[in-house]
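K.L.:
Just one file: input16.txt, with compact mmCIF, C-alpha atoms.
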# COMPACT_ATOMS: atom_id res chain seq x y z
CA MET A 1 -31.12 -18.19 9.85
CA SER A 2 -32.33 -16.44 12.98
CA THR A 3 -34.09 -18.53 15.61
CA PRO A 4 -37.20 -17.18 17.36
CA THR A 5 -35.10 -16.64 20.50
CA THR A 6 -32.56 -14.60 18.57
CA SER A 7 -35.28 -12.55 16.89
CA THR A 8 -36.94 -11.87 20.22
CA ARG A 9 -33.67 -10.79 21.78
CA GLY A 10 -32.96 -8.53 18.81
CA ALA A 11 -36.34 -6.85 19.18
CA ARG A 12 -35.84 -6.42 22.92
CA TYR A 13 -32.35 -5.00 22.34
CA ARG A 14 -33.63 -2.40 19.88
CA ALA A 15 -36.56 -1.52 22.12
CA TYR A 16 -34.28 -1.08 25.13
CA GLU A 17 -31.84 1.15 23.24
CA HIS A 18 -34.73 3.31 22.00
CA ARG A 19 -36.23 3.69 25.50
CA SER A 20 -32.92 4.27 27.28
CA GLU A 21 -31.46 6.80 24.82
CA ARG A 22 -32.80 9.91 26.54
CA LEU A 23 -31.97 8.65 30.04
CA ALA A 24 -28.43 7.75 28.95
CA THR A 25 -27.99 11.27 27.58
CA VAL A 26 -29.02 12.76 30.93
CA VAL A 27 -26.65 10.43 32.82
CA ALA A 28 -23.74 11.32 30.52
CA VAL A 29 -24.36 15.05 30.94
CA LEU A 30 -24.57 14.66 34.72
CA TRP A 31 -21.23 12.87 34.72
CA LEU A 32 -19.68 15.64 32.63
CA VAL A 33 -20.90 18.33 35.03
CA ALA A 34 -19.86 16.39 38.14
CA TYR A 35 -16.44 15.73 36.62
CA ALA A 36 -15.68 19.27 35.43
CA LEU A 37 -17.15 21.38 38.24
CA PRO A 38 -14.63 20.49 40.99
CA ILE A 39 -11.76 21.05 38.55
CA LEU A 40 -12.96 24.43 37.33
CA GLN A 41 -13.89 25.54 40.87
CA PRO A 42 -11.32 23.96 43.25
CA ASP A 43 -12.60 26.03 46.20
CA LEU A 44 -16.07 24.49 46.14
CA PRO A 45 -17.66 23.87 49.55
CA ALA A 46 -17.21 20.36 50.91
CA PRO A 47 -20.92 19.40 50.51
CA VAL A 48 -20.82 20.32 46.82
CA ARG A 49 -17.64 18.32 46.25
CA THR A 50 -19.22 15.36 48.04
CA THR A 51 -22.31 15.68 45.84
CA CYS A 52 -20.16 15.65 42.72
CA HIS A 53 -18.39 12.53 43.95
CA VAL A 54 -21.73 10.82 44.62
CA VAL A 55 -23.00 11.77 41.15
CA ARG A 56 -19.85 10.39 39.51
CA THR A 57 -20.26 7.13 41.44
CA ALA A 58 -23.95 6.93 40.52
CA THR A 59 -23.20 7.45 36.83
CA TRP A 60 -20.59 4.69 36.99
CA VAL A 61 -23.25 2.35 38.39
CA ALA A 62 -25.70 3.48 35.70
CA PHE A 63 -23.16 2.81 32.94
CA GLY A 64 -22.57 -0.64 34.41
CA VAL A 65 -26.29 -1.48 34.55
CA ASP A 66 -26.74 -0.21 31.00
CA TYR A 67 -23.88 -2.39 29.76
CA LEU A 68 -25.25 -5.49 31.49
CA LEU A 69 -28.76 -4.91 30.15
CA ARG A 70 -27.55 -4.39 26.59
CA LEU A 71 -25.40 -7.52 26.92
CA GLY A 72 -28.39 -9.48 28.21
CA PHE A 73 -30.73 -8.28 25.46
CA SER A 74 -28.18 -8.72 22.70
CA PRO A 75 -29.05 -11.57 20.30
CA ARG A 76 -25.33 -12.46 20.02
CA ARG A 77 -23.74 -11.87 23.40
CA GLY A 78 -20.29 -13.08 22.42
CA ARG A 79 -20.19 -10.72 19.46
CA PHE A 80 -21.47 -7.85 21.59
CA PHE A 81 -18.73 -8.51 24.16
CA LEU A 82 -16.01 -8.47 21.47
CA THR A 83 -17.32 -5.42 19.58
CA HIS A 84 -17.89 -3.17 22.62
CA PRO A 85 -14.54 -3.18 24.44
CA LEU A 86 -14.70 0.52 25.33
CA ASP A 87 -18.10 0.10 26.97
CA LEU A 88 -16.60 -2.62 29.14
CA LEU A 89 -13.58 -0.46 29.90
CA LEU A 90 -15.92 2.19 31.30
CA LEU A 91 -16.67 -0.16 34.19
CA VAL A 92 -13.04 -0.25 35.36
CA LEU A 93 -12.37 3.47 34.98
CA PRO A 94 -12.52 4.18 38.74
CA MET A 95 -9.36 2.03 38.97
CA LEU A 96 -7.80 3.65 35.87
CA GLN A 97 -8.18 7.35 36.57
CA PRO A 98 -6.09 8.62 33.60
CA LEU A 99 -8.52 6.78 31.29
CA ARG A 100 -11.73 8.11 32.79
CA LEU A 101 -12.18 10.46 29.85
CA LEU A 102 -13.15 7.41 27.80
CA ARG A 103 -16.61 7.95 29.27
CA LEU A 104 -16.90 10.49 26.46
CA VAL A 105 -17.50 7.47 24.23
CA THR A 106 -21.00 7.27 25.70
CA VAL A 107 -21.71 10.94 25.04
CA LEU A 108 -20.36 10.78 21.48
CA ARG A 109 -22.28 7.59 20.73
CA LEU A 110 -25.53 9.23 21.82
CA LEU A 111 -24.81 12.39 19.80
CA ASN A 112 -24.10 10.28 16.75
CA GLN A 113 -27.43 8.45 17.19
CA ARG A 114 -29.27 11.77 17.42
CA ALA A 115 -27.71 13.09 14.21
CA GLY A 116 -29.59 13.15 10.96
CA THR A 117 -29.91 10.19 8.66
CA ARG A 118 -27.80 11.77 5.92
CA LEU A 119 -24.20 10.65 6.19
CA ARG A 120 -22.65 14.08 5.67
CA GLY A 121 -24.89 15.65 8.30
CA ARG A 122 -24.01 12.93 10.78
CA VAL A 123 -20.29 13.30 10.09
CA GLY A 124 -20.45 17.09 10.48
CA LEU A 125 -22.36 16.96 13.76
CA PHE A 126 -20.16 14.20 15.11
CA VAL A 127 -16.91 16.03 14.27
CA VAL A 128 -18.04 19.33 15.80
CA SER A 129 -19.46 17.67 18.92
CA ALA A 130 -16.45 15.41 19.36
CA THR A 131 -14.00 18.29 18.99
CA ILE A 132 -15.78 20.43 21.60
CA LEU A 133 -16.29 17.60 24.10
CA ILE A 134 -12.83 16.12 23.75
CA GLY A 135 -11.21 19.55 23.94
CA PHE A 136 -13.17 20.61 27.01
CA CYS A 137 -12.58 17.38 28.93
CA ALA A 138 -8.92 17.22 27.94
CA ALA A 139 -8.46 20.76 29.23
CA CYS A 140 -10.10 19.80 32.52
CA ALA A 141 -8.04 16.61 32.81
CA VAL A 142 -4.69 18.22 32.11
CA LEU A 143 -5.49 21.11 34.47
CA ASP A 144 -6.43 18.66 37.21
CA ALA A 145 -3.17 16.77 36.73
CA GLU A 146 -0.85 19.76 36.28
CA ARG A 147 -2.14 22.54 38.50
CA ASP A 148 -0.28 21.54 41.67
CA ALA A 149 2.72 19.83 40.05
CA PRO A 150 6.21 21.31 40.50
CA ASP A 151 7.45 23.30 37.48
CA ALA A 152 3.99 23.07 35.89
CA THR A 153 3.26 25.46 33.01
CA ILE A 154 -0.48 24.70 32.84
CA THR A 155 -2.04 26.16 35.98
CA THR A 156 -5.22 27.87 34.72
CA PHE A 157 -8.13 26.77 32.57
CA GLY A 158 -7.24 29.35 29.92
CA GLU A 159 -3.74 27.91 29.60
CA ALA A 160 -5.23 24.41 29.43
CA VAL A 161 -7.58 25.44 26.61
CA TRP A 162 -4.70 27.04 24.68
CA TRP A 163 -2.67 23.86 25.10
CA VAL A 164 -5.60 21.77 23.87
CA VAL A 165 -6.05 23.92 20.75
CA THR A 166 -2.37 23.81 19.81
CA THR A 167 -2.19 20.06 20.48
CA ILE A 168 -5.37 18.90 18.78
CA THR A 169 -4.51 20.92 15.68
CA THR A 170 -1.00 19.38 15.71
CA VAL A 171 0.59 22.87 15.83
CA GLY A 172 2.34 22.37 19.16
CA TYR A 173 3.98 25.71 19.97
CA GLY A 174 5.60 24.20 23.05
CA ASP A 175 4.92 27.18 25.31
CA TYR A 176 2.70 24.94 27.47
CA SER A 177 3.32 21.25 27.98
CA PRO A 178 2.42 18.68 30.66
CA VAL A 179 5.07 17.55 33.12
CA THR A 180 3.14 14.82 34.95
CA ALA A 181 2.58 11.25 33.79
CA THR A 182 -1.20 11.69 33.81
CA GLY A 183 -0.94 14.91 31.84
CA ARG A 184 1.21 13.20 29.22
CA VAL A 185 -1.28 10.34 28.94
CA VAL A 186 -3.97 12.93 28.25
CA ALA A 187 -1.66 14.57 25.69
CA VAL A 188 -1.14 11.29 23.82
CA GLY A 189 -4.89 10.68 23.70
CA LEU A 190 -5.50 14.22 22.50
CA MET A 191 -2.89 13.87 19.74
CA LEU A 192 -4.49 10.66 18.52
CA ALA A 193 -7.93 12.27 18.66
CA GLY A 194 -6.65 15.26 16.68
CA ILE A 195 -5.23 13.03 13.97
CA ALA A 196 -8.46 11.03 13.80
CA LEU A 197 -10.64 14.15 13.61
CA VAL A 198 -8.45 15.66 10.86
CA GLY A 199 -8.80 12.39 8.95
CA VAL A 200 -12.58 12.46 9.32
CA VAL A 201 -12.77 16.08 8.12
CA THR A 202 -10.47 15.35 5.17
CA GLY A 203 -12.51 12.29 4.20
CA SER A 204 -15.77 14.23 4.47
CA LEU A 205 -14.44 17.05 2.29
CA ALA A 206 -13.13 14.56 -0.27
CA SER A 207 -16.53 12.87 -0.36
CA TRP A 208 -18.23 16.24 -0.83
CA PHE A 209 -15.96 17.15 -3.76
CA LEU A 210 -16.53 13.77 -5.40
CA ASP A 211 -20.30 14.16 -5.04
CA GLU A 212 -20.15 17.64 -6.59
CA VAL A 213 -18.07 16.40 -9.52
CA ARG A 214 -20.40 13.43 -9.97
CA ASP A 215 -23.48 15.66 -9.91
CA SER A 216 -21.88 18.08 -12.35
CA SER A 217 -20.88 15.26 -14.68
CA GLY A 218 -24.36 13.78 -14.48
CA ALA A 219 -25.96 17.13 -15.32
CA ASP A 220 -23.61 17.61 -18.31
CA ALA A 221 -24.33 14.10 -19.55
CA GLU A 222 -28.07 14.66 -19.25
CA ALA A 223 -27.79 17.92 -21.21
CA THR A 224 -25.75 16.18 -23.89
CA ARG A 225 -28.31 13.40 -24.22
CA ALA A 226 -31.08 15.99 -24.56
CA ASP A 227 -29.14 17.82 -27.31
CA VAL A 228 -28.50 14.59 -29.19
CA ALA A 229 -32.18 13.64 -28.96
CA GLN A 230 -33.20 17.08 -30.28
CA LEU A 231 -30.77 16.85 -33.20
CA THR A 232 -31.98 13.34 -34.01
CA GLU A 233 -35.57 14.57 -34.07
CA GLU A 234 -34.65 17.46 -36.41
CA VAL A 235 -32.82 15.11 -38.79
CA ARG A 236 -35.82 12.81 -38.84
CA ARG A 237 -38.14 15.68 -39.74
CA LEU A 238 -35.80 16.86 -42.50
CA ARG A 239 -35.77 13.36 -43.95
CA GLU A 240 -39.57 13.24 -43.88
CA GLN A 241 -39.75 16.62 -45.61
CA LEU A 242 -37.29 15.53 -48.31
CA ALA A 243 -39.15 12.30 -48.80
CA ALA A 244 -42.46 14.19 -49.23
CA ARG A 245 -41.14 16.58 -51.93
CA PRO A 246 -42.15 15.68 -55.53
CA ASP A 247 -39.35 14.59 -57.83
CA THR A 248 -38.12 17.38 -60.15
CA PRO A 249 -37.65 16.63 -63.90
As C-alpha cells, what does this structure read like?
P.N.:
Amino acid sequence: MSTPTTSTRGARYRAYEHRSERLATVVAVLWLVAYALPILQPDLPAPVRTTCHVVRTATWVAFGVDYLLRLGFSPRRGRFFLTHPLDLLLLVLPMLQPLRLLRLVTVLRLLNQRAGTRLRGRVGLFVVSATILIGFCAACAVLDAERDAPDATITTFGEAVWWVVTTITTVGYGDYSPVTATGRVVAVGLMLAGIALVGVVTGSLASWFLDEVRDSSGADAEATRADVAQLTEEVRRLREQLAARPDTP
C-alpha cells in the first residue's frame, strides 16, 4: 500500500516528466547537431568548433541534472536506479567516447513518448525514428573514427552511409569495413541494433496478421450467428403456421 510520501513523490515525478519533456527534446536535438556538425564539416572555423564543444558539455550537464531530478522525484529510488542503467551511463560518456552514441536513448525515449497511444502506431514510429537516428549517428561515428586512419576504406559520409545500410540490414557486402577499434565498436552496436529492429518489425507484422485473422474470424462467426438466428426464426414461424392449420379429415 502506498504511503502519502510515496504518492506525493509519484505525482511530482509524473509532473516533472510532463513539464520537462519538451525541454529534453530540445536538449537532445542540440546535442545531435553539436555532435554531427564537426564530423560532417571538419574544416569548420575554430569558434564554431568551440561552440559545438560547449553545447555538448552543456547537454551532458543537462542530462545529469535531469537524471538526478528524476531520481529525487521517483517514489522508489532504488528501483529507478536499477531500471535506468543507460540513463546513468550517459553521465560517464565523456570518459567512454566510443559509447557516446548511447545518448540516442534519450532521443528515442522522447520520440516513443510522443507517439500515439495505439501500440502499432507507437511501434511503427519508434522503428522508423530509431532506424534513421541510429543510422545517421553510426555513420557520423564511424566516419569520425575511420577518416584519418591508415588503410581506411570509409573516408566520406557517403561511404559511411552505405556501410551503415549494408550493416544494419545484415547484408554486409564487405566493400567497406572499419579498421579502428572505435569503428569496430560502432559496428558491433549497429549489428545488434539491426537485429533488434528486424525483430521488432517481424513481431509487429506478426501481430498485424494475427489481428487481421482474428477480425476476419470474428466477422465470419458473427455472420454465421446471424444466419442461424434467421433460420431459427423461419422454423418457428413455419411451426406456428402448421399449428394454426385446421386438421384435415
K.L.:
Please determine, counting all atoms listed in the file, which residue among A:Trp163, A:Phe157, A:Tyr16, A:Phe136 has the shortest atom-to-atom distance to Leu32 of chain A.
P.N.:
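Among the listed residues, A:Phe136 lies closest to Leu32 of chain A.
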K.L.:
Sorted by chain and rising residue number, which residues of segment 5-46 of chain A lie within 12 Å of segment 65-87 of chain A, and what are their closest atom pairs and distances in Å to one decimal, counting only C-alpha atoms, as JSON lines?
P.N.:
{"residue": "A:Thr5", "atom": "CA", "partner": "A:Pro75", "partner_atom": "CA", "distance": 7.9}
{"residue": "A:Thr6", "atom": "CA", "partner": "A:Pro75", "partner_atom": "CA", "distance": 4.9}
{"residue": "A:Ser7", "atom": "CA", "partner": "A:Pro75", "partner_atom": "CA", "distance": 7.2}
{"residue": "A:Thr8", "atom": "CA", "partner": "A:Pro75", "partner_atom": "CA", "distance": 7.9}
{"residue": "A:Arg9", "atom": "CA", "partner": "A:Pro75", "partner_atom": "CA", "distance": 4.9}
{"residue": "A:Gly10", "atom": "CA", "partner": "A:Pro75", "partner_atom": "CA", "distance": 5.2}
{"residue": "A:Ala11", "atom": "CA", "partner": "A:Phe73", "partner_atom": "CA", "distance": 8.5}
{"residue": "A:Arg12", "atom": "CA", "partner": "A:Phe73", "partner_atom": "CA", "distance": 6.0}
{"residue": "A:Tyr13", "atom": "CA", "partner": "A:Phe73", "partner_atom": "CA", "distance": 4.8}
{"residue": "A:Arg14", "atom": "CA", "partner": "A:Phe73", "partner_atom": "CA", "distance": 8.6}
{"residue": "A:Ala15", "atom": "CA", "partner": "A:Phe73", "partner_atom": "CA", "distance": 9.5}
{"residue": "A:Tyr16", "atom": "CA", "partner": "A:Arg70", "partner_atom": "CA", "distance": 7.6}
{"residue": "A:Glu17", "atom": "CA", "partner": "A:Arg70", "partner_atom": "CA", "distance": 7.8}
{"residue": "A:His18", "atom": "CA", "partner": "A:Arg70", "partner_atom": "CA", "distance": 11.5}
{"residue": "A:Arg19", "atom": "CA", "partner": "A:Asp66", "partner_atom": "CA", "distance": 11.6}
{"residue": "A:Ser20", "atom": "CA", "partner": "A:Asp66", "partner_atom": "CA", "distance": 8.5}
{"residue": "A:Glu21", "atom": "CA", "partner": "A:Asp66", "partner_atom": "CA", "distance": 10.5}
{"residue": "A:Leu23", "atom": "CA", "partner": "A:Asp66", "partner_atom": "CA", "distance": 10.3}
{"residue": "A:Ala24", "atom": "CA", "partner": "A:Asp66", "partner_atom": "CA", "distance": 8.4}
{"residue": "A:Val27", "atom": "CA", "partner": "A:Asp66", "partner_atom": "CA", "distance": 10.8}
{"residue": "A:Ala28", "atom": "CA", "partner": "A:Asp66", "partner_atom": "CA", "distance": 11.9}
K.L.:
Take the residues from that selection and put them in a file with C-alpha atoms, as a short mmCIF file (atom, residue, chain, number, x, y, z; two decimals), in the frame of the given file.
P.N.:
data_model
loop_
_atom_site.label_atom_id
_atom_site.label_comp_id
_atom_site.auth_asym_id
_atom_site.auth_seq_id
_atom_site.Cartn_x
_atom_site.Cartn_y
_atom_site.Cartn_z
CA THR A 5 -35.10 -16.64 20.50
CA THR A 6 -32.56 -14.60 18.57
CA SER A 7 -35.28 -12.55 16.89
CA THR A 8 -36.94 -11.87 20.22
CA ARG A 9 -33.67 -10.79 21.78
CA GLY A 10 -32.96 -8.53 18.81
CA ALA A 11 -36.34 -6.85 19.18
CA ARG A 12 -35.84 -6.42 22.92
CA TYR A 13 -32.35 -5.00 22.34
CA ARG A 14 -33.63 -2.40 19.88
CA ALA A 15 -36.56 -1.52 22.12
CA TYR A 16 -34.28 -1.08 25.13
CA GLU A 17 -31.84 1.15 23.24
CA HIS A 18 -34.73 3.31 22.00
CA ARG A 19 -36.23 3.69 25.50
CA SER A 20 -32.92 4.27 27.28
CA GLU A 21 -31.46 6.80 24.82
CA LEU A 23 -31.97 8.65 30.04
CA ALA A 24 -28.43 7.75 28.95
CA VAL A 27 -26.65 10.43 32.82
CA ALA A 28 -23.74 11.32 30.52
#
K.L.:
What is the atom CA of Leu30 of chain A to atom CA of Phe63 of chain A distance in Å?
P.N.:
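Between atom CA of Leu30 of chain A and atom CA of Phe63 of chain A the gap works out to 12.1 Å.
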K.L.:
Find the residues near segment 169-178 of chain A: any atom within 12 Å, counting all atoms listed in the file, skip ones fewer than 5 places away on the same chain, and give them as a ChimeraX atom specification.
P.N.:
/A:131,135,138-139,141-156,158-164,183-188,190-199
K.L.:
To one decimal place in Å, what is the distance between atom CA of Cys52 of chain A and atom CA of Leu40 of chain A?
P.N.:
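So the answer is 12.6 Å.
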K.L.:
One decimal, Å: what's the distance from atom CA of Ala36 of chain A over to atom CA of Ala62 of chain A, could you say?
P.N.:
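Answer for the atom CA of Ala36 of chain A to atom CA of Ala62 of chain A separation: 18.7 Å.
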